[in-house]
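Structure file work28.cif with mmCIF, C-alpha atoms:
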data_model
loop_
_atom_site.group_PDB
_atom_site.id
_atom_site.type_symbol
_atom_site.label_atom_id
_atom_site.label_comp_id
_atom_site.auth_asym_id
_atom_site.auth_seq_id
_atom_site.Cartn_x
_atom_site.Cartn_y
_atom_site.Cartn_z
ATOM 1 C CA MET A 778 -1.554 16.122 39.403
ATOM 2 C CA ASN A 779 1.048 17.907 37.251
ATOM 3 C CA LYS A 780 1.109 18.092 33.462
ATOM 4 C CA LYS A 781 3.926 15.543 33.126
ATOM 5 C CA THR A 782 2.005 12.956 35.145
ATOM 6 C CA ILE A 783 -1.129 13.508 33.060
ATOM 7 C CA VAL A 784 0.869 12.968 29.869
ATOM 8 C CA ILE A 785 2.410 9.746 31.213
ATOM 9 C CA ILE A 786 -1.003 8.412 32.278
ATOM 10 C CA GLY A 787 -2.413 9.298 28.865
ATOM 11 C CA VAL A 788 0.384 7.494 27.034
ATOM 12 C CA LEU A 789 0.093 4.399 29.254
ATOM 13 C CA THR A 790 -3.683 4.316 28.760
ATOM 14 C CA LEU A 791 -3.269 4.587 24.999
ATOM 15 C CA MET A 792 -0.705 1.785 24.992
ATOM 16 C CA MET A 793 -3.037 -0.447 27.024
ATOM 17 C CA ILE A 794 -5.839 0.212 24.545
ATOM 18 C CA MET A 795 -3.544 -0.581 21.623
ATOM 19 C CA LEU A 796 -2.404 -3.821 23.275
ATOM 20 C CA ALA A 797 -6.031 -4.809 23.897
ATOM 21 C CA ILE A 798 -6.873 -4.128 20.264
ATOM 22 C CA ALA A 799 -3.824 -6.105 19.160
ATOM 23 C CA ALA A 800 -4.836 -9.063 21.351
ATOM 24 C CA TYR A 801 -8.312 -8.966 19.811
ATOM 25 C CA PHE A 802 -7.086 -8.823 16.228
ATOM 26 C CA LEU A 803 -4.581 -11.600 16.873
ATOM 27 C CA PHE A 804 -7.423 -14.047 16.396
ATOM 28 C CA ILE A 805 -9.051 -12.342 13.417
ATOM 29 C CA ASP A 806 -7.883 -12.557 9.827
ATOM 30 C CA ILE A 807 -8.855 -9.120 8.503
ATOM 31 C CA GLN A 808 -9.401 -8.876 4.763
ATOM 32 C CA SER A 809 -10.372 -6.037 2.454
ATOM 33 C CA LYS A 810 -13.463 -6.065 0.265
ATOM 34 C CA VAL A 811 -14.176 -4.175 -2.931
ATOM 35 C CA PRO A 812 -17.133 -1.780 -2.448
ATOM 36 C CA LYS A 813 -20.181 -2.198 -4.666
ATOM 37 C CA THR A 814 -19.584 1.240 -6.173
ATOM 38 C CA ILE A 815 -16.247 -0.020 -7.541
ATOM 39 C CA GLU A 816 -17.704 -3.373 -8.617
ATOM 40 C CA GLU A 817 -20.401 -1.630 -10.658
ATOM 41 C CA LYS A 818 -18.032 0.784 -12.366
ATOM 42 C CA TYR A 819 -15.000 -1.343 -13.278
ATOM 43 C CA GLU A 820 -13.915 -4.770 -14.464
ATOM 44 C CA ILE A 821 -12.493 -6.710 -11.511
ATOM 45 C CA GLN A 822 -10.347 -9.814 -11.454
ATOM 46 C CA ILE A 823 -9.438 -11.533 -8.176
ATOM 47 C CA THR A 824 -6.396 -13.787 -7.889
ATOM 48 C CA LYS A 825 -5.003 -15.575 -4.837
ATOM 49 C CA TYR A 826 -1.512 -15.493 -3.350
ATOM 50 C CA ASP A 827 -0.947 -17.350 -0.080
ATOM 51 C CA ASN A 828 -4.718 -17.390 0.390
ATOM 52 C CA ARG A 829 -4.886 -13.584 0.156
ATOM 53 C CA ASN A 830 -6.807 -11.677 -2.516
ATOM 54 C CA VAL A 831 -5.169 -9.480 -5.113
ATOM 55 C CA PHE A 832 -7.656 -7.215 -6.887
ATOM 56 C CA THR A 833 -6.961 -6.097 -10.456
ATOM 57 C CA ILE A 834 -9.375 -3.298 -11.314
ATOM 58 C CA CYS A 835 -9.618 -1.993 -14.881
ATOM 59 C CA PRO A 836 -11.650 0.797 -16.499
ATOM 60 C CA LYS A 837 -14.328 -0.529 -18.839
ATOM 61 C CA GLN A 838 -13.552 2.227 -21.325
ATOM 62 C CA GLY A 839 -10.529 4.405 -22.004
ATOM 63 C CA LYS A 840 -8.113 1.927 -20.425
ATOM 64 C CA ASN A 841 -4.423 2.433 -21.179
ATOM 65 C CA GLU A 842 -1.407 0.157 -20.689
ATOM 66 C CA GLN A 843 -0.294 1.543 -17.331
ATOM 67 C CA TYR A 844 -0.976 -0.210 -14.021
ATOM 68 C CA ILE A 845 -0.708 1.193 -10.520
ATOM 69 C CA LEU A 846 0.380 -1.421 -7.989
ATOM 70 C CA TYR A 847 -1.056 0.046 -4.793
ATOM 71 C CA PHE A 848 -0.252 -0.825 -1.166
ATOM 72 C CA HIS A 849 -2.685 0.692 1.318
ATOM 73 C CA GLY A 850 -1.793 2.116 4.701
ATOM 74 C CA GLY A 851 -3.222 1.459 8.148
ATOM 75 C CA SER A 852 -0.255 0.848 10.487
ATOM 76 C CA TYR A 853 0.046 -2.657 8.984
ATOM 77 C CA MET A 854 -3.061 -3.465 11.043
ATOM 78 C CA ALA A 855 -6.048 -2.145 9.085
ATOM 79 C CA GLU A 856 -7.671 -3.019 5.791
ATOM 80 C CA MET A 857 -8.560 -0.732 2.868
ATOM 81 C CA THR A 858 -10.878 2.125 3.838
ATOM 82 C CA ASP A 859 -13.570 3.917 1.843
ATOM 83 C CA ASP A 860 -11.147 6.829 1.450
ATOM 84 C CA HIS A 861 -8.620 4.516 -0.203
ATOM 85 C CA TRP A 862 -11.197 3.188 -2.668
ATOM 86 C CA LYS A 863 -12.448 6.694 -3.488
ATOM 87 C CA PHE A 864 -8.871 7.813 -4.071
ATOM 88 C CA LEU A 865 -8.152 4.919 -6.439
ATOM 89 C CA ASP A 866 -11.477 5.471 -8.191
ATOM 90 C CA ARG A 867 -10.496 9.041 -8.939
ATOM 91 C CA LEU A 868 -7.010 8.013 -10.068
ATOM 92 C CA MET A 869 -8.505 5.569 -12.572
ATOM 93 C CA GLN A 870 -10.987 8.132 -13.839
ATOM 94 C CA GLU A 871 -8.311 10.805 -14.276
ATOM 95 C CA THR A 872 -5.600 8.641 -15.849
ATOM 96 C CA GLY A 873 -7.233 5.608 -17.474
ATOM 97 C CA ASN A 874 -4.794 3.443 -15.528
ATOM 98 C CA SER A 875 -5.764 0.108 -14.031
ATOM 99 C CA VAL A 876 -4.881 -0.646 -10.409
ATOM 100 C CA ILE A 877 -3.638 -3.775 -8.681
ATOM 101 C CA VAL A 878 -4.439 -3.884 -4.967
ATOM 102 C CA PRO A 879 -2.836 -6.656 -2.883
ATOM 103 C CA ASP A 880 -4.761 -7.477 0.291
ATOM 104 C CA TYR A 881 -1.526 -8.266 2.110
ATOM 105 C CA PRO A 882 -1.467 -10.022 5.536
ATOM 106 C CA LEU A 883 -2.002 -7.744 8.517
ATOM 107 C CA THR A 884 -0.429 -7.626 11.941
ATOM 108 C CA PRO A 885 -0.640 -8.738 14.722
ATOM 109 C CA LYS A 886 -1.726 -12.105 13.341
ATOM 110 C CA TYR A 887 1.007 -11.852 10.700
ATOM 111 C CA ASN A 888 4.341 -10.046 10.482
ATOM 112 C CA TYR A 889 6.630 -8.699 7.787
ATOM 113 C CA LYS A 890 7.900 -12.163 6.805
ATOM 114 C CA ASP A 891 4.367 -13.241 5.870
ATOM 115 C CA VAL A 892 3.900 -10.052 3.883
ATOM 116 C CA PHE A 893 7.051 -10.486 1.807
ATOM 117 C CA GLU A 894 6.409 -14.182 1.256
ATOM 118 C CA MET A 895 3.282 -12.968 -0.536
ATOM 119 C CA VAL A 896 4.313 -9.775 -2.329
ATOM 120 C CA VAL A 897 7.656 -10.802 -3.861
ATOM 121 C CA PRO A 898 6.328 -13.807 -5.847
ATOM 122 C CA MET A 899 3.181 -11.812 -6.599
ATOM 123 C CA TYR A 900 5.270 -9.054 -8.163
ATOM 124 C CA GLN A 901 7.300 -11.577 -10.153
ATOM 125 C CA GLU A 902 4.086 -13.016 -11.582
ATOM 126 C CA ILE A 903 2.866 -9.519 -12.447
ATOM 127 C CA LEU A 904 6.091 -9.000 -14.420
ATOM 128 C CA GLN A 905 5.202 -12.014 -16.565
ATOM 129 C CA LYS A 906 2.098 -10.144 -17.765
ATOM 130 C CA ILE A 907 3.030 -6.465 -17.496
ATOM 131 C CA PRO A 908 6.420 -4.961 -18.458
ATOM 132 C CA PRO A 909 8.048 -2.902 -15.660
ATOM 133 C CA GLU A 910 7.894 0.285 -17.752
ATOM 134 C CA ASN A 911 4.091 0.085 -17.481
ATOM 135 C CA ILE A 912 4.045 -0.324 -13.695
ATOM 136 C CA ILE A 913 3.833 2.471 -11.148
ATOM 137 C CA MET A 914 4.214 1.261 -7.578
ATOM 138 C CA MET A 915 2.467 3.418 -5.024
ATOM 139 C CA GLY A 916 1.642 3.277 -1.339
ATOM 140 C CA ASP A 917 0.480 5.434 1.531
ATOM 141 C CA SER A 918 1.641 5.442 5.144
ATOM 142 C CA ALA A 919 2.540 1.855 6.114
ATOM 143 C CA GLY A 920 1.806 0.896 2.508
ATOM 144 C CA GLY A 921 4.387 3.453 1.447
ATOM 145 C CA GLY A 922 6.960 1.833 3.701
ATOM 146 C CA LEU A 923 6.038 -1.573 2.291
ATOM 147 C CA ALA A 924 6.306 -0.327 -1.308
ATOM 148 C CA LEU A 925 9.750 1.173 -0.690
ATOM 149 C CA ALA A 926 10.996 -1.951 1.114
ATOM 150 C CA LEU A 927 9.720 -4.121 -1.730
ATOM 151 C CA GLU A 928 11.528 -2.062 -4.362
ATOM 152 C CA GLU A 929 14.709 -2.137 -2.289
ATOM 153 C CA LYS A 930 14.468 -5.928 -2.072
ATOM 154 C CA LEU A 931 13.729 -6.306 -5.779
ATOM 155 C CA GLY A 932 16.774 -4.221 -6.605
ATOM 156 C CA GLU A 933 18.947 -6.227 -4.232
ATOM 157 C CA GLU A 934 17.828 -9.475 -5.871
ATOM 158 C CA GLY A 935 18.313 -8.197 -9.415
ATOM 159 C CA ILE A 936 14.600 -8.150 -10.268
ATOM 160 C CA GLU A 937 13.401 -5.351 -12.558
ATOM 161 C CA VAL A 938 11.765 -2.557 -10.581
ATOM 162 C CA PRO A 939 8.684 -0.542 -11.611
ATOM 163 C CA ASN A 940 9.027 2.537 -13.771
ATOM 164 C CA GLN A 941 7.999 4.795 -10.874
ATOM 165 C CA LEU A 942 7.663 4.603 -7.112
ATOM 166 C CA ILE A 943 5.293 7.117 -5.511
ATOM 167 C CA LEU A 944 5.054 7.289 -1.724
ATOM 168 C CA ILE A 945 2.328 9.236 0.094
ATOM 169 C CA SER A 946 3.079 10.108 3.735
ATOM 170 C CA PRO A 947 5.255 6.971 3.998
ATOM 171 C CA TRP A 948 6.105 5.271 7.286
ATOM 172 C CA LEU A 949 9.787 4.481 6.830
ATOM 173 C CA ASP A 950 11.040 3.754 10.346
ATOM 174 C CA VAL A 951 8.772 1.960 12.828
ATOM 175 C CA THR A 952 11.188 2.627 15.713
ATOM 176 C CA MET A 953 10.033 6.264 15.653
ATOM 177 C CA SER A 954 13.451 7.187 17.045
ATOM 178 C CA ASN A 955 14.033 10.389 15.065
ATOM 179 C CA PRO A 956 14.299 13.191 17.687
ATOM 180 C CA GLU A 957 12.556 15.638 15.339
ATOM 181 C CA ILE A 958 9.305 13.680 15.711
ATOM 182 C CA GLU A 959 8.589 15.269 19.101
ATOM 183 C CA GLU A 960 8.307 18.730 17.576
ATOM 184 C CA TYR A 961 6.076 17.489 14.747
ATOM 185 C CA GLN A 962 3.803 15.675 17.204
ATOM 186 C CA LYS A 963 2.540 19.057 18.415
ATOM 187 C CA ASN A 964 0.742 19.616 15.094
ATOM 188 C CA ASP A 965 -0.158 16.027 14.177
ATOM 189 C CA LYS A 966 -3.762 15.296 15.194
ATOM 190 C CA ASN A 967 -3.911 11.916 13.417
ATOM 191 C CA LEU A 968 -0.890 9.925 14.523
ATOM 192 C CA ASN A 969 0.623 9.128 17.902
ATOM 193 C CA LYS A 970 4.268 8.152 18.207
ATOM 194 C CA GLU A 971 3.787 5.616 21.017
ATOM 195 C CA ALA A 972 0.825 3.917 19.356
ATOM 196 C CA LEU A 973 2.810 3.540 16.124
ATOM 197 C CA LYS A 974 5.730 2.004 18.019
ATOM 198 C CA VAL A 975 3.403 -0.718 19.342
ATOM 199 C CA ALA A 976 2.096 -1.469 15.845
ATOM 200 C CA GLY A 977 5.660 -1.457 14.513
ATOM 201 C CA MET A 978 6.803 -3.983 17.102
ATOM 202 C CA ALA A 979 3.934 -6.288 16.153
ATOM 203 C CA TYR A 980 4.779 -5.996 12.450
ATOM 204 C CA SER A 981 8.492 -6.658 13.010
ATOM 205 C CA GLY A 982 7.881 -9.861 14.969
ATOM 206 C CA ALA A 983 10.615 -11.331 17.124
ATOM 207 C CA ASP A 984 13.563 -10.559 14.860
ATOM 208 C CA GLY A 985 12.603 -7.952 12.287
ATOM 209 C CA MET A 986 13.354 -4.634 13.944
ATOM 210 C CA GLU A 987 16.830 -4.479 12.382
ATOM 211 C CA SER A 988 15.607 -5.474 8.905
ATOM 212 C CA TYR A 989 15.253 -2.864 6.183
ATOM 213 C CA LEU A 990 12.099 -4.733 5.130
ATOM 214 C CA VAL A 991 10.552 -3.325 8.322
ATOM 215 C CA ASN A 992 12.499 -0.051 8.342
ATOM 216 C CA PRO A 993 13.165 0.793 4.666
ATOM 217 C CA ILE A 994 14.791 4.053 5.704
ATOM 218 C CA LYS A 995 17.909 1.859 6.115
ATOM 219 C CA GLY A 996 17.545 -0.159 2.900
ATOM 220 C CA PRO A 997 19.732 -0.259 -0.235
ATOM 221 C CA VAL A 998 18.914 2.649 -2.541
ATOM 222 C CA HIS A 999 21.060 2.169 -5.644
ATOM 223 C CA LYS A 1000 18.431 0.363 -7.741
ATOM 224 C CA LEU A 1001 15.573 2.730 -6.888
ATOM 225 C CA LYS A 1002 13.984 4.379 -9.906
ATOM 226 C CA ASN A 1003 11.980 7.607 -10.319
ATOM 227 C CA VAL A 1004 10.981 7.931 -6.646
ATOM 228 C CA THR A 1005 8.627 10.707 -5.537
ATOM 229 C CA ILE A 1006 7.548 11.314 -1.935
ATOM 230 C CA TYR A 1007 4.514 13.410 -0.969
ATOM 231 C CA THR A 1008 4.666 14.454 2.677
ATOM 232 C CA GLY A 1009 2.981 17.017 4.928
ATOM 233 C CA MET A 1010 4.644 19.278 7.468
ATOM 234 C CA TYR A 1011 1.959 18.419 10.071
ATOM 235 C CA ASP A 1012 2.846 14.719 9.913
ATOM 236 C CA ILE A 1013 5.159 13.013 12.424
ATOM 237 C CA LEU A 1014 6.387 10.783 9.581
ATOM 238 C CA ASN A 1015 7.753 13.790 7.671
ATOM 239 C CA PRO A 1016 11.187 13.937 9.386
ATOM 240 C CA ASP A 1017 12.020 10.373 8.367
ATOM 241 C CA ALA A 1018 10.852 10.965 4.789
ATOM 242 C CA ARG A 1019 13.209 13.928 4.563
ATOM 243 C CA LYS A 1020 15.994 11.990 6.283
ATOM 244 C CA PHE A 1021 15.652 9.164 3.759
ATOM 245 C CA ALA A 1022 15.714 11.535 0.777
ATOM 246 C CA GLU A 1023 18.841 13.229 2.137
ATOM 247 C CA ARG A 1024 20.590 9.900 2.732
ATOM 248 C CA ALA A 1025 19.727 8.684 -0.781
ATOM 249 C CA LYS A 1026 21.149 11.899 -2.271
ATOM 250 C CA GLU A 1027 24.384 11.406 -0.343
ATOM 251 C CA GLU A 1028 24.629 7.948 -1.932
ATOM 252 C CA GLY A 1029 24.090 9.351 -5.418
ATOM 253 C CA VAL A 1030 20.364 8.619 -5.806
ATOM 254 C CA GLU A 1031 18.031 11.565 -6.358
ATOM 255 C CA ILE A 1032 14.669 11.309 -4.577
ATOM 256 C CA THR A 1033 12.011 13.912 -5.387
ATOM 257 C CA ILE A 1034 10.373 14.983 -2.146
ATOM 258 C CA LYS A 1035 7.334 17.269 -2.225
ATOM 259 C CA GLU A 1036 6.544 18.827 1.150
ATOM 260 C CA TYR A 1037 3.293 20.660 1.816
ATOM 261 C CA GLU A 1038 2.964 23.223 4.589
ATOM 262 C CA GLU A 1039 0.220 22.464 7.141
ATOM 263 C CA ALA A 1040 -0.649 19.215 5.367
ATOM 264 C CA GLU A 1041 -1.574 16.354 7.704
ATOM 265 C CA HIS A 1042 -0.943 12.639 7.385
ATOM 266 C CA ILE A 1043 -2.268 11.191 4.071
ATOM 267 C CA TRP A 1044 -4.116 14.443 3.389
ATOM 268 C CA LEU A 1045 -3.859 13.545 -0.277
ATOM 269 C CA ILE A 1046 -5.957 10.409 0.277
ATOM 270 C CA TYR A 1047 -8.695 12.294 2.114
ATOM 271 C CA GLN A 1048 -9.082 14.612 -0.915
ATOM 272 C CA GLU A 1049 -10.652 17.422 1.068
ATOM 273 C CA GLY A 1050 -9.779 21.070 0.656
ATOM 274 C CA GLU A 1051 -7.544 23.139 -1.577
ATOM 275 C CA LEU A 1052 -4.301 21.625 -0.245
ATOM 276 C CA ALA A 1053 -5.403 18.080 -1.095
ATOM 277 C CA GLU A 1054 -6.597 19.148 -4.545
ATOM 278 C CA GLN A 1055 -3.298 20.885 -5.227
ATOM 279 C CA ALA A 1056 -1.336 17.752 -4.305
ATOM 280 C CA PHE A 1057 -3.693 15.502 -6.265
ATOM 281 C CA ARG A 1058 -3.265 17.547 -9.439
ATOM 282 C CA ASP A 1059 0.496 17.357 -8.979
ATOM 283 C CA LEU A 1060 0.208 13.591 -8.473
ATOM 284 C CA ILE A 1061 -1.680 13.171 -11.744
ATOM 285 C CA GLY A 1062 1.094 15.054 -13.505
ATOM 286 C CA GLN A 1063 3.679 12.852 -11.847
ATOM 287 C CA ILE A 1064 1.919 9.651 -12.912
ATOM 288 C CA THR A 1065 1.919 10.722 -16.550
ATOM 289 C CA LYS A 1066 5.432 12.194 -16.454
ATOM 290 C CA PHE A 1067 7.465 9.129 -17.430
#

Would you write out, as structure tokens, the structure that this file holds?
Amino acid sequence: MNKKTIVIIGVLTLMMIMLAIAAYFLFIDIQSKVPKTIEEKYEIQITKYDNRNVFTICPKQGKNEQYILYFHGGSYMAEMTDDHWKFLDRLMQETGNSVIVPDYPLTPKYNYKDVFEMVVPMYQEILQKIPPENIIMMGDSAGGGLALALEEKLGEEGIEVPNQLILISPWLDVTMSNPEIEEYQKNDKNLNKEALKVAGMAYSGADGMESYLVNPIKGPVHKLKNVTIYTGMYDILNPDARKFAERAKEEGVEITIKEYEEAEHIWLIYQEGELAEQAFRDLIGQITKF
């Protein structure tokens, strides 16, 4: 059996596993829960949008007027992880900011239409309580793609956008068609191109693959404001992050992209090692910059 055949068998096996997982989750409505460690440390308010929870988490002391509206990653299939909660915990401790965490609908039971039916009116209601200059929108991986798509849609509809948009290892094109991805795959131990394509197809539903709400790399950029992208050079999503920043610049919109050598996918969320600490310190500076 040659190397090419082994690779093909491996890819097909992985795709079968992903399809089996998708079939299983099709019947389960996955929802995130706030860990007890967060419940004990902060004030928490839970509101409902389309029968989904939105968690507003505020420091009990030292709270300022800024809010971070955070969209978590997980290939649009997975809920908040312990690493996400630890990351947000540290952000709140370091900045005094409160965070708003929407538990948005997950694929394959739901698709992008369900997500945006929730998050657009949710954001509009947030604006009734918090001025846009006090909102930082942030997301990692799939959540980064969602955050960018949401801001693109808000701009297109003439709705005020947040003061900052910060994307961590964002997933901006679920087609995974960028030819540079193949070279990056050699160093990426966390993500697999074919597995992501399956998740992307589930998220897009029957008619969403051409929509910028699914692939925000193609979305309107002219209303974007103070956008910063953190991306690692050992991440297969890096080429599309760079491609998006270059396209935005060509259209007259400056995107700040911060690339880290040998950094893996969402290394900043894992918060392990000198590279993660370096990026985290830079992130804190970015949050307080505007």

- Residues within 9 Å of stretch 929-938 of chain A, only C-alpha atoms, excluding chain neighbours under 3 positions, as a list in words: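 Within the cut-off, the hits are Val897, Gln901, Leu904, Pro909, Glu910, Ile912, Met914, Ala924, Leu925, Ala926, Gln941, Leu942, Tyr989, Leu990, Pro993, Gly996, Pro997, Val998, His999, Lys1000, Leu1001 and Lys1002 of chain A.
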
Could you write out that same residue set with C-alpha atoms as a PDB file, in the coordinates of the input?
ATOM      1  CA  VAL A 897       7.656 -10.802  -3.861  1.00  0.00           C
ATOM      2  CA  GLN A 901       7.300 -11.577 -10.153  1.00  0.00           C
ATOM      3  CA  LEU A 904       6.091  -9.000 -14.420  1.00  0.00           C
ATOM      4  CA  PRO A 909       8.048  -2.902 -15.660  1.00  0.00           C
ATOM      5  CA  GLU A 910       7.894   0.285 -17.752  1.00  0.00           C
ATOM      6  CA  ILE A 912       4.045  -0.324 -13.695  1.00  0.00           C
ATOM      7  CA  MET A 914       4.214   1.261  -7.578  1.00  0.00           C
ATOM      8  CA  ALA A 924       6.306  -0.327  -1.308  1.00  0.00           C
ATOM      9  CA  LEU A 925       9.750   1.173  -0.690  1.00  0.00           C
ATOM     10  CA  ALA A 926      10.996  -1.951   1.114  1.00  0.00           C
ATOM     11  CA  GLN A 941       7.999   4.795 -10.874  1.00  0.00           C
ATOM     12  CA  LEU A 942       7.663   4.603  -7.112  1.00  0.00           C
ATOM     13  CA  TYR A 989      15.253  -2.864   6.183  1.00  0.00           C
ATOM     14  CA  LEU A 990      12.099  -4.733   5.130  1.00  0.00           C
ATOM     15  CA  PRO A 993      13.165   0.793   4.666  1.00  0.00           C
ATOM     16  CA  GLY A 996      17.545  -0.159   2.900  1.00  0.00           C
ATOM     17  CA  PRO A 997      19.732  -0.259  -0.235  1.00  0.00           C
ATOM     18  CA  VAL A 998      18.914   2.649  -2.541  1.00  0.00           C
ATOM     19  CA  HIS A 999      21.060   2.169  -5.644  1.00  0.00           C
ATOM     20  CA  LYS A1000      18.431   0.363  -7.741  1.00  0.00           C
ATOM     21  CA  LEU A1001      15.573   2.730  -6.888  1.00  0.00           C
ATOM     22  CA  LYS A1002      13.984   4.379  -9.906  1.00  0.00           C
TER      23      LYS A1002
END

- Selected residue, from A:Ile945, A:Met986, A:Met1010, A:Leu927, that lies nearest to A:Gln962 when counting all atoms listed in the file: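 Looking at the shortest contact to A:Gln962, the residue is A:Met1010.
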
- Message: With the PyMOL selection byres ((chain A and resi 1052-1057) around 12) as the selection, what would be picked from this file? Answer as a ChimeraX atom specification, please.
- Response: /A:864-865,867-868,871-872,945-946,1006-1009,1035-1051,1058-1064

Coordinates of box centre and edge lengths for stretch 893-898 of chain A, 8 Å on every side, axis-aligned, as AutoDock Vina command-line options:
--center_x 5.5 --center_y -12.0 --center_z -2.0 --size_x 20.4 --size_y 20.4 --size_z 23.7

- What does the distance from atom CA of A:Lys837 to atom CA of A:Val896 come to in Å, to one decimal? 26.6 Å

- Query: Leaving out stretch 1014-1030 of chain A and any residue of its chain fewer than 2 positions from it, which residues lie within 6 Å of it when counting all atoms listed in the file, given as a ChimeraX atom specification?
  - Reply: /A:948,994,1008,1012,1032

- Message: From the options A:Ile834, A:Ala983, A:Ile1034, A:Leu973, which residue's atoms come nearest to A:Lys890, counting all atoms listed in the file?
- Response: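 Closest candidate: A:Ala983.
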
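Considering the residues A:Arg829, A:Lys840, A:Lys906, A:His849 and counting all atoms listed in the file, A:Glu894 has its shortest atom-to-atom contact with A:Arg829.
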
- Message: For this structure, which residues satisfy the selection - the PyMOL selection byres ((chain A and resi 885) around 6) - when it is evaluated on the file as given? I want them as a list in words.
- Response: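 On the file shown, the PyMOL selection byres ((chain A and resi 885) around 6) covers Leu803, Thr884, Lys886, Tyr887 and Ala979 of chain A.
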
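Computed from the coordinates, the atom CA of A:Lys810 to atom CA of A:Val878 distance equals 10.7 Å.
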
- Message: Take the PyMOL selection byres ((chain A and resi 877) around 8), run it mentally on this structure, and tell me the resulting residues as a PyMOL selection string.
- Response: chain A and resi 831-834+844-847+875-876+878-879

- Rounded to one decimal in Å, what is the spacing between atom CA of A:Pro947 and atom CA of A:Asn964?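 Atom-to-atom, atom CA of A:Pro947 to atom CA of A:Asn964, that is 17.4 Å.
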
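Distances here use only C-alpha atoms; by that measure, the residue among A:Tyr980, A:Tyr1011, A:Tyr819, A:Tyr826 closest to A:Ile903 is A:Tyr826.
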
As a short mmCIF file (atom, residue, chain, number, x, y, z; two decimals) with C-alpha atoms, in the coordinates of the input, please: the residues near A:Ile1013 (cut-off 9 Å, only C-alpha atoms, same-chain neighbours under 6 positions excluded).
data_model
loop_
_atom_site.label_atom_id
_atom_site.label_comp_id
_atom_site.auth_asym_id
_atom_site.auth_seq_id
_atom_site.Cartn_x
_atom_site.Cartn_y
_atom_site.Cartn_z
CA MET A 953 10.03 6.26 15.65
CA GLU A 957 12.56 15.64 15.34
CA ILE A 958 9.30 13.68 15.71
CA GLU A 959 8.59 15.27 19.10
CA GLU A 960 8.31 18.73 17.58
CA TYR A 961 6.08 17.49 14.75
CA GLN A 962 3.80 15.68 17.20
CA LYS A 963 2.54 19.06 18.42
CA ASN A 964 0.74 19.62 15.09
CA ASP A 965 -0.16 16.03 14.18
CA LEU A 968 -0.89 9.93 14.52
CA ASN A 969 0.62 9.13 17.90
CA LYS A 970 4.27 8.15 18.21
CA GLU A 1041 -1.57 16.35 7.70
CA HIS A 1042 -0.94 12.64 7.38
#

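Summary of the local environment: counting only C-alpha atoms, residues at most 7 Å from stretch 974-976 of chain A, other than itself and those fewer than 6 positions away along its chain, are A:Ser852, A:Val951, A:Thr952, A:Met953.
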
- Message: Set the distance at 12 Å and use all atoms listed in the file: which residues neighbour A:Lys813 once local chain neighbours fewer than 4 positions away are removed? I'd like the list as a ChimeraX atom specification.
- Response: /A:817-821,859,862-863

Assuming the input is short of atoms at stretch 918-929 of chain A, produce N, CA and C atoms for that part as a PDB file, keeping the file's coordinate frame.
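Writing done, so here's selection-v1.pdb:
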ATOM      1  N   SER A 918       1.376   5.747   3.736  1.00  0.00           N
ATOM      2  CA  SER A 918       1.641   5.442   5.144  1.00  0.00           C
ATOM      3  C   SER A 918       2.412   4.124   5.284  1.00  0.00           C
ATOM      4  N   ALA A 919       1.866   3.149   6.014  1.00  0.00           N
ATOM      5  CA  ALA A 919       2.540   1.855   6.114  1.00  0.00           C
ATOM      6  C   ALA A 919       2.701   1.219   4.735  1.00  0.00           C
ATOM      7  N   GLY A 920       1.710   1.411   3.872  1.00  0.00           N
ATOM      8  CA  GLY A 920       1.806   0.896   2.508  1.00  0.00           C
ATOM      9  C   GLY A 920       2.936   1.544   1.727  1.00  0.00           C
ATOM     10  N   GLY A 921       3.246   2.796   2.061  1.00  0.00           N
ATOM     11  CA  GLY A 921       4.387   3.453   1.447  1.00  0.00           C
ATOM     12  C   GLY A 921       5.699   2.840   1.899  1.00  0.00           C
ATOM     13  N   GLY A 922       5.779   2.524   3.195  1.00  0.00           N
ATOM     14  CA  GLY A 922       6.960   1.833   3.701  1.00  0.00           C
ATOM     15  C   GLY A 922       7.123   0.475   3.056  1.00  0.00           C
ATOM     16  N   LEU A 923       6.017  -0.250   2.919  1.00  0.00           N
ATOM     17  CA  LEU A 923       6.038  -1.573   2.291  1.00  0.00           C
ATOM     18  C   LEU A 923       6.479  -1.470   0.827  1.00  0.00           C
ATOM     19  N   ALA A 924       5.951  -0.496   0.103  1.00  0.00           N
ATOM     20  CA  ALA A 924       6.306  -0.327  -1.308  1.00  0.00           C
ATOM     21  C   ALA A 924       7.794  -0.027  -1.463  1.00  0.00           C
ATOM     22  N   LEU A 925       8.326   0.854  -0.615  1.00  0.00           N
ATOM     23  CA  LEU A 925       9.750   1.173  -0.690  1.00  0.00           C
ATOM     24  C   LEU A 925      10.594  -0.049  -0.346  1.00  0.00           C
ATOM     25  N   ALA A 926      10.241  -0.760   0.718  1.00  0.00           N
ATOM     26  CA  ALA A 926      10.996  -1.951   1.114  1.00  0.00           C
ATOM     27  C   ALA A 926      10.974  -3.003   0.004  1.00  0.00           C
ATOM     28  N   LEU A 927       9.821  -3.149  -0.646  1.00  0.00           N
ATOM     29  CA  LEU A 927       9.720  -4.121  -1.730  1.00  0.00           C
ATOM     30  C   LEU A 927      10.644  -3.742  -2.877  1.00  0.00           C
ATOM     31  N   GLU A 928      10.661  -2.466  -3.259  1.00  0.00           N
ATOM     32  CA  GLU A 928      11.528  -2.062  -4.362  1.00  0.00           C
ATOM     33  C   GLU A 928      12.995  -2.218  -3.982  1.00  0.00           C
ATOM     34  N   GLU A 929      13.335  -1.931  -2.740  1.00  0.00           N
ATOM     35  CA  GLU A 929      14.709  -2.137  -2.289  1.00  0.00           C
ATOM     36  C   GLU A 929      15.102  -3.611  -2.405  1.00  0.00           C
TER      37      GLU A 929
END
